[in-house]
Amino acid sequence: MTARTARPIRGTAAAALATTLALTAAACSNPDGSGSGGSAARDSVVVGIAYEPETLSPLLGYGKDGNSKVFDGLLAFGPDMRLRPALAAALPEVSPDGLTYTYRLREGVTFSDGKPFGAKDVVFTYRTILDKRTNNPSKTELDALKDVRAVGDDTVVFTLKYPYAAFAQRTVLAIAPEHVAARQDVNSGPFTTKPVGTGPYVLTGWSKGEKLTFTANPRYWGGEPKVKKLTMAVVKDDDVRATRLRSGDLDGAILPPNLAKGFKNDPGRKTYAATTYDYRTVTLPTHNKVTGDTAVRRALDVAVDRQAMVDQILEGAGKPAYGPVPTGSEWFTQGTERRHDLAAAKRILDEAGWKPGPDGVRVKNGVRAAFPLWYVSGDKLRQDHALAYASDAKKAGIEITTQAGTWEVIEPRMKHDAVLAGGGSPGDPDFDQYLLLRSTLAGDGFNNMAWYANPAVDQALEAGRKSNDKAARKAAYDTVQRELVKNPGYTFLTHIDHVYVVSDRWDGLSTQVEPHDHGLAAGPWWNVEDWTPKDAAK
């Protein structure tokens with residue numbers, strides 16, 4: 001939902017229908033000649049993802065959280081989400097004041113076109129992202145960066161404006177080649193769809209709305225992958241994705257829990273569940289006369305039955321959400337859980353002057369407590385969450401009309417209409433909260449979609465971002481979470497475990513703690529470059 005993730009595929013409703021029909025037909029024809037049934041394709045993998053990125057340029061935000069397949073960052077997240085060297089030869093040397101980070105670069109690395117990688121590429125990438133002319137919606141994530149410079153060909157030094165505890169985690173950001181990207185328009189040049197990187201795979205084709213194809217990079221510094229061909233099939237509709245997986249057209253896919261359970265007893269497939277920071281939330285736009293009312297927000301926050309959503313929609317694959325920070329995180333503020341309490345919701349509305357009308361819908365000063373709630377077409381989890389939320393709200397006297405649409409339809413309405421949205425990023429609490437809640441980012445694409453404005457939250461977000469002291473930061477983020485109880489600009493519903501079903505033909509599969517984004521970067525294929533085919537006899 002926010003700029004920290006690749007933005008969803010755009011397209012008209014007609015185009016979406018045409019794509020769905022085409023993909024359904026493709027499930028029968030299996031055009032790639034791969035899929036779980038073909039021994040000739042033991043070195044090929046086809047996986048189904050729900051969304052595709054708008055761009056494959058790191059300069060515009062792609063690969064900023066790692067695992068981009070085409071690119072590498074200076075650092076990378078391992079299976080335990082600990083930082084490890086990638087294009088850097090080691091973890092950075094950090095000055096005692098926390099303002100200087102020095103990275104020594106790995107030797108002998110080349111881009112997929114054979115040109116050498118060096119410090120100039122790192123400097124070019126970071127400086128270009130921060131350039132005001134670059135349309136990167138995530139550049140505020142690098143707000144702490146004052147300067148980046150090369151020391152020779154093999155060393156890069158970052159200087160910060162203030163101590164930023166999460167800076168090393170930000171350097172998983174993918175690095176672009178200066179010799180390619182500097183020669184074209186950063187926002188619209190061919191590099192945005194025809195990238196050149198240092199990663200384990202090379203993009204060989206991109207049919208927008210259908211699939212992305214990659215081949216193993218023989219020049220990869222980590223060794224050429226055993227999986228030689230990787231195809232990411234873009235299948236927005238959950239049911240179609242399950243159908244293609246069952247037919248053998250896909251080797252793996254992300255599925256809602258209720259669809260994934262249909263493969264539970266399939267001896268040729270394995271199910272993988274990844275814990276995540278991925279939440280589902282309802283935006284409550286400040287500019288809407290109903291959702292902008294603090295009493296309505298507070299009432300909805302306790303009217304919703306989160307545990308029922310976990311049990312019935314997610315079938316236990318998740319947990320209730322009370323904010324962007326999961327309850328299991330060390331950064332979660334104990335005591336900010338909201339108990340399902342319909343009586344309390346009604347009392348809040350009564351005391352605020354929202355009185356039941358003849359049809360049961362509450363009214364205040366001639367305004368009916370009614371508003372639309374949009375969700376993305378084809379996303380069953382969002383649809384189910386939206387319907388359950390509307391049902392709970394109705395019991396309190398608030399009428400919510402659920403509506404499906406593409407992001408082209410939804411995005412222009414976000415200032416006034418509620419949206420069943422998603423977000424979440426593992427790691428530092430700054431990642432989860434700054435872009436979502438900072439008032440200055442209201443209306444900035446998918447940042448702060450609710451136009452939330454709370455001076456106490458703004459102050460705490462800045463304090464948490466600009467300190468290296470963990471106790472001080474914990475106090476700041478405690479303030480943020482307590483303020484969301486007082487004035488919830490969003491109704492957080494659930495944190496979702498991602499469920500994947502994958503053909504049992506390879507060794508080496510695992511999962512990480514995942515962000516909201518569950519496309520190219522996440523899933524059991526986060527480390528597909530390390531997979532090895534199982535013996536054909538198996």
# chains A, B, ... in the order shown; residues from 1 in each chain; ligands from 1

$ residues_around --residues "Thr401 in chain A" --least-positions-apart "6" --cutoff "8 Å" --atoms "only C-alpha atoms" --output "PyMOL selection string"
chain A and resi 370-373+390

$ residues_around --residues "Val419 in chain A" --least-positions-apart "4" --cutoff "12 Å" --atoms "only C-alpha atoms" --output "ChimeraX atom specification"
/A:1,280-285,291,371-376,382-383,385-386,389,400-407,409-415,446,448-450,489-492

$ atom_distance --atom1 "CA of His516 in chain A" --atom2 "CA of Phe431 in chain A"
11.8 Å

$ residues_around --residues "range 175-192 of chain A" --least-positions-apart "4" --cutoff "8 Å" --atoms "only C-alpha atoms" --output "list in words"
Thr55, Leu56, Ser57, Pro58, Leu59, Leu60, Phe71, Asp72, Gly73, Leu74, Phe111, Phe117, Lys120, Asp121, Val122, Phe124, Thr125, Thr134, Asn135, Val196 and Gly197 of chain A

$ write_last_selection --atoms "C-alpha atoms" --output "compact mmCIF listing (two decimals), in the first residue's frame"
# COMPACT_ATOMS: atom_id res chain seq x y z
CA THR A 55 9.53 -0.60 -12.90
CA LEU A 56 12.64 -2.72 -12.53
CA SER A 57 14.90 0.27 -11.91
CA PRO A 58 16.49 0.55 -8.45
CA LEU A 59 16.64 4.29 -9.06
CA LEU A 60 12.83 4.36 -8.94
CA PHE A 71 20.48 -6.73 -8.73
CA ASP A 72 22.41 -6.87 -5.47
CA GLY A 73 22.78 -4.38 -2.65
CA LEU A 74 25.87 -3.70 -0.62
CA PHE A 111 27.42 -6.55 -14.26
CA PHE A 117 31.18 -3.05 -10.78
CA LYS A 120 31.21 4.83 -8.72
CA ASP A 121 28.08 2.73 -9.29
CA VAL A 122 27.18 2.89 -5.60
CA PHE A 124 25.67 7.10 -8.68
CA THR A 125 22.78 5.01 -7.35
CA THR A 134 14.07 11.37 -9.70
CA ASN A 135 10.56 9.98 -9.23
CA VAL A 196 21.38 -4.59 -16.17
CA GLY A 197 22.57 -5.73 -12.75

$ select_by_dssp --residues "range 147-234 of chain A" --states "helix (DSSP H, G or I)" --output "number ranges by chain"
A: 167-170, 178-181, 190-192

$ residues_around --residues "Ala274 in chain A" --least-positions-apart "4" --cutoff "8 Å" --atoms "only C-alpha atoms" --output "number ranges by chain"
A: 497-499, 511-514, 523

$ write_last_selection --atoms "N, CA and C atoms" --output "JSON list (two decimals), in the first residue's frame"
[["chain", "number", "residue", "atom", "x", "y", "z"],
["A", 497, "ASP", "N", 0.03, -14.49, 7.62],
["A", 497, "ASP", "CA", 1.11, -15.40, 7.22],
["A", 497, "ASP", "C", 0.94, -15.70, 5.73],
["A", 498, "HIS", "N", 2.02, -15.58, 4.97],
["A", 498, "HIS", "CA", 1.95, -15.91, 3.55],
["A", 498, "HIS", "C", 2.06, -17.42, 3.37],
["A", 499, "VAL", "N", 1.18, -17.96, 2.57],
["A", 499, "VAL", "CA", 1.15, -19.40, 2.34],
["A", 499, "VAL", "C", 1.48, -19.68, 0.88],
["A", 511, "THR", "N", 11.99, -20.01, 3.79],
["A", 511, "THR", "CA", 11.31, -18.71, 3.78],
["A", 511, "THR", "C", 11.99, -17.77, 4.75],
["A", 512, "GLN", "N", 11.79, -16.47, 4.52],
["A", 512, "GLN", "CA", 12.24, -15.44, 5.44],
["A", 512, "GLN", "C", 11.02, -14.83, 6.14],
["A", 513, "VAL", "N", 11.28, -13.97, 7.10],
["A", 513, "VAL", "CA", 10.21, -13.10, 7.58],
["A", 513, "VAL", "C", 9.94, -12.10, 6.46],
["A", 514, "GLU", "N", 8.69, -12.00, 6.04],
["A", 514, "GLU", "CA", 8.42, -11.30, 4.79],
["A", 514, "GLU", "C", 7.71, -9.96, 4.98],
["A", 523, "GLY", "N", 8.79, -15.10, -0.80],
["A", 523, "GLY", "CA", 8.32, -16.45, -1.10],
["A", 523, "GLY", "C", 9.46, -17.43, -1.00]]

$ closest_residue --among "A:Ala144, A:Ala295, A:Ala453, A:Ala442" --to "Lys161 in chain A" --atoms "only C-alpha atoms"
A:Ala144

$ closest_atom_pairs --of "range 250-307 of chain A" --to "range 423-427 of chain A" --cutoff "8 Å" --atoms "only C-alpha atoms" --output "CSV"
residue,atom,partner,partner_atom,distance
A:Thr276,CA,A:Pro426,CA,7.4
A:Tyr277,CA,A:Gly424,CA,4.9
A:Asp278,CA,A:Gly424,CA,4.7
A:Tyr279,CA,A:Gly423,CA,5.6
A:Arg280,CA,A:Gly423,CA,7.0

$ closest_atom_pairs --of "range 169-278 of chain A" --to "range 41-53 of chain A" --cutoff "12 Å" --atoms "only C-alpha atoms" --output "Markdown table"
| residue | atom | partner | partner_atom | distance |
| --- | --- | --- | --- | --- |
| A:Thr192 | CA | A:Pro53 | CA | 10.5 |
| A:Thr193 | CA | A:Pro53 | CA | 10.0 |
| A:Trp206 | CA | A:Glu52 | CA | 10.1 |
| A:Ser207 | CA | A:Glu52 | CA | 10.5 |
| A:Lys208 | CA | A:Glu52 | CA | 8.2 |
| A:Gly209 | CA | A:Glu52 | CA | 7.4 |
| A:Glu210 | CA | A:Glu52 | CA | 9.0 |
| A:Lys211 | CA | A:Glu52 | CA | 8.4 |
| A:Leu212 | CA | A:Glu52 | CA | 8.6 |
| A:Thr213 | CA | A:Val46 | CA | 8.9 |
| A:Phe214 | CA | A:Val45 | CA | 10.0 |
| A:Thr215 | CA | A:Ser44 | CA | 9.1 |
| A:Ala216 | CA | A:Ser44 | CA | 10.1 |
| A:Pro225 | CA | A:Asp43 | CA | 9.4 |
| A:Lys226 | CA | A:Asp43 | CA | 6.5 |
| A:Val227 | CA | A:Asp43 | CA | 4.6 |
| A:Lys228 | CA | A:Asp43 | CA | 5.4 |
| A:Lys229 | CA | A:Ser44 | CA | 4.6 |
| A:Leu230 | CA | A:Val45 | CA | 5.0 |
| A:Thr231 | CA | A:Val46 | CA | 4.6 |
| A:Met232 | CA | A:Val47 | CA | 5.2 |
| A:Ala233 | CA | A:Gly48 | CA | 4.8 |
| A:Val234 | CA | A:Ile49 | CA | 5.2 |
| A:Val235 | CA | A:Ala50 | CA | 5.3 |
| A:Lys236 | CA | A:Ala50 | CA | 4.5 |
| A:Asp237 | CA | A:Ala50 | CA | 7.2 |
| A:Asp238 | CA | A:Ala50 | CA | 7.7 |
| A:Asp239 | CA | A:Ala50 | CA | 11.0 |
| A:Val240 | CA | A:Gly48 | CA | 9.8 |
| A:Arg241 | CA | A:Gly48 | CA | 6.4 |
| A:Ala242 | CA | A:Gly48 | CA | 8.9 |
| A:Thr243 | CA | A:Gly48 | CA | 10.8 |
| A:Arg244 | CA | A:Gly48 | CA | 8.4 |
| A:Leu245 | CA | A:Gly48 | CA | 8.0 |
| A:Arg246 | CA | A:Gly48 | CA | 11.7 |
| A:Gly248 | CA | A:Val46 | CA | 9.7 |
| A:Asp249 | CA | A:Val46 | CA | 7.7 |
| A:Leu250 | CA | A:Val46 | CA | 5.2 |
| A:Asp251 | CA | A:Val46 | CA | 5.2 |
| A:Gly252 | CA | A:Val47 | CA | 4.6 |
| A:Ala253 | CA | A:Gly48 | CA | 4.4 |
| A:Ile254 | CA | A:Ile49 | CA | 6.4 |
| A:Leu255 | CA | A:Ile49 | CA | 9.1 |
| A:Pro256 | CA | A:Ala50 | CA | 11.0 |

$ write_last_selection --atoms "C-alpha atoms" --output "short mmCIF file (atom, residue, chain, number, x, y, z; two decimals), in the first residue's frame"
data_model
loop_
_atom_site.label_atom_id
_atom_site.label_comp_id
_atom_site.auth_asym_id
_atom_site.auth_seq_id
_atom_site.Cartn_x
_atom_site.Cartn_y
_atom_site.Cartn_z
CA THR A 192 13.30 0.94 -16.25
CA THR A 193 12.15 -2.18 -18.12
CA TRP A 206 8.59 -8.90 -19.70
CA SER A 207 5.06 -9.18 -21.05
CA LYS A 208 3.25 -6.61 -18.92
CA GLY A 209 0.36 -8.14 -17.03
CA GLU A 210 1.40 -11.66 -18.00
CA LYS A 211 4.89 -12.74 -17.02
CA LEU A 212 8.54 -11.88 -16.43
CA THR A 213 11.22 -14.33 -17.55
CA PHE A 214 14.76 -14.57 -16.24
CA THR A 215 17.78 -16.71 -17.09
CA ALA A 216 20.71 -17.57 -14.85
CA PRO A 225 22.44 -20.77 -10.36
CA LYS A 226 21.34 -24.37 -10.95
CA VAL A 227 17.84 -23.16 -11.84
CA LYS A 228 18.59 -21.84 -15.32
CA LYS A 229 15.22 -20.34 -16.17
CA LEU A 230 12.87 -18.53 -13.81
CA THR A 231 9.42 -17.35 -14.89
CA MET A 232 7.22 -15.13 -12.77
CA ALA A 233 3.64 -15.50 -14.03
CA VAL A 234 1.50 -12.52 -13.05
CA VAL A 235 -1.88 -13.92 -12.03
CA LYS A 236 -3.92 -11.38 -10.09
CA ASP A 237 -6.90 -13.63 -9.43
CA ASP A 238 -6.39 -16.08 -6.56
CA ASP A 239 -8.69 -18.72 -8.02
CA VAL A 240 -6.96 -18.63 -11.40
CA ARG A 241 -3.58 -18.94 -9.70
CA ALA A 242 -4.77 -22.05 -7.85
CA THR A 243 -6.20 -23.51 -11.08
CA ARG A 244 -2.93 -23.01 -12.93
CA LEU A 245 -1.00 -24.60 -10.09
CA ARG A 246 -3.29 -27.62 -10.04
CA GLY A 248 0.81 -28.13 -13.61
CA ASP A 249 1.19 -24.84 -15.47
CA LEU A 250 2.80 -23.37 -12.36
CA ASP A 251 5.46 -24.95 -10.17
CA GLY A 252 4.59 -22.75 -7.22
CA ALA A 253 2.30 -19.93 -6.14
CA ILE A 254 1.19 -17.79 -3.25
CA LEU A 255 -2.37 -18.67 -2.26
CA PRO A 256 -4.90 -17.65 0.37
#

$ select_by_dssp --residues "range 307-514 of chain A" --states "strand (DSSP E or B)" --output "ChimeraX atom specification"
/A:318-320,355-356,362-364,367-368,370-376,399-405,418-423,490-496,498-503,506-507,514

$ atom_distance --atom1 "CA of Thr532 in chain A" --atom2 "CA of Pro200 in chain A"
14.3 Å

$ decode --residues "range 110-121 of chain A" --atoms "N, CA, C and O atoms" --output "PDB file, in the first residue's frame"
ATOM      1  N   THR A 110      31.166  -8.248 -11.724  1.00  0.00           N
ATOM      2  CA  THR A 110      30.799  -7.585 -12.977  1.00  0.00           C
ATOM      3  C   THR A 110      29.283  -7.534 -13.109  1.00  0.00           C
ATOM      4  O   THR A 110      28.556  -8.331 -12.521  1.00  0.00           O
ATOM      5  N   PHE A 111      28.828  -6.587 -13.903  1.00  0.00           N
ATOM      6  CA  PHE A 111      27.416  -6.549 -14.265  1.00  0.00           C
ATOM      7  C   PHE A 111      27.157  -7.620 -15.319  1.00  0.00           C
ATOM      8  O   PHE A 111      28.096  -8.200 -15.888  1.00  0.00           O
ATOM      9  N   SER A 112      25.897  -7.886 -15.570  1.00  0.00           N
ATOM     10  CA  SER A 112      25.559  -8.966 -16.498  1.00  0.00           C
ATOM     11  C   SER A 112      26.013  -8.678 -17.926  1.00  0.00           C
ATOM     12  O   SER A 112      26.084  -9.600 -18.743  1.00  0.00           O
ATOM     13  N   ASP A 113      26.337  -7.410 -18.232  1.00  0.00           N
ATOM     14  CA  ASP A 113      26.858  -7.087 -19.566  1.00  0.00           C
ATOM     15  C   ASP A 113      28.382  -7.198 -19.625  1.00  0.00           C
ATOM     16  O   ASP A 113      28.996  -6.868 -20.646  1.00  0.00           O
ATOM     17  N   GLY A 114      29.003  -7.636 -18.529  1.00  0.00           N
ATOM     18  CA  GLY A 114      30.441  -7.838 -18.502  1.00  0.00           C
ATOM     19  C   GLY A 114      31.248  -6.666 -17.990  1.00  0.00           C
ATOM     20  O   GLY A 114      32.452  -6.804 -17.746  1.00  0.00           O
ATOM     21  N   LYS A 115      30.631  -5.523 -17.793  1.00  0.00           N
ATOM     22  CA  LYS A 115      31.337  -4.342 -17.303  1.00  0.00           C
ATOM     23  C   LYS A 115      31.585  -4.476 -15.800  1.00  0.00           C
ATOM     24  O   LYS A 115      30.752  -5.019 -15.051  1.00  0.00           O
ATOM     25  N   PRO A 116      32.720  -3.973 -15.309  1.00  0.00           N
ATOM     26  CA  PRO A 116      33.043  -4.131 -13.891  1.00  0.00           C
ATOM     27  C   PRO A 116      32.176  -3.252 -12.991  1.00  0.00           C
ATOM     28  O   PRO A 116      31.802  -2.135 -13.347  1.00  0.00           O
ATOM     29  N   PHE A 117      31.884  -3.794 -11.820  1.00  0.00           N
ATOM     30  CA  PHE A 117      31.184  -3.047 -10.778  1.00  0.00           C
ATOM     31  C   PHE A 117      32.211  -2.346  -9.906  1.00  0.00           C
ATOM     32  O   PHE A 117      33.278  -2.896  -9.614  1.00  0.00           O
ATOM     33  N   GLY A 118      31.891  -1.110  -9.480  1.00  0.00           N
ATOM     34  CA  GLY A 118      32.821  -0.392  -8.621  1.00  0.00           C
ATOM     35  C   GLY A 118      32.125   0.652  -7.781  1.00  0.00           C
ATOM     36  O   GLY A 118      30.899   0.825  -7.818  1.00  0.00           O
ATOM     37  N   ALA A 119      32.911   1.381  -7.021  1.00  0.00           N
ATOM     38  CA  ALA A 119      32.386   2.371  -6.090  1.00  0.00           C
ATOM     39  C   ALA A 119      31.568   3.447  -6.793  1.00  0.00           C
ATOM     40  O   ALA A 119      30.595   3.960  -6.229  1.00  0.00           O
ATOM     41  N   LYS A 120      31.941   3.777  -8.000  1.00  0.00           N
ATOM     42  CA  LYS A 120      31.213   4.833  -8.722  1.00  0.00           C
ATOM     43  C   LYS A 120      29.750   4.454  -8.942  1.00  0.00           C
ATOM     44  O   LYS A 120      28.875   5.330  -8.985  1.00  0.00           O
ATOM     45  N   ASP A 121      29.466   3.173  -9.090  1.00  0.00           N
ATOM     46  CA  ASP A 121      28.082   2.725  -9.286  1.00  0.00           C
ATOM     47  C   ASP A 121      27.254   2.916  -8.020  1.00  0.00           C
ATOM     48  O   ASP A 121      26.076   3.274  -8.083  1.00  0.00           O
TER      49      ASP A 121
END
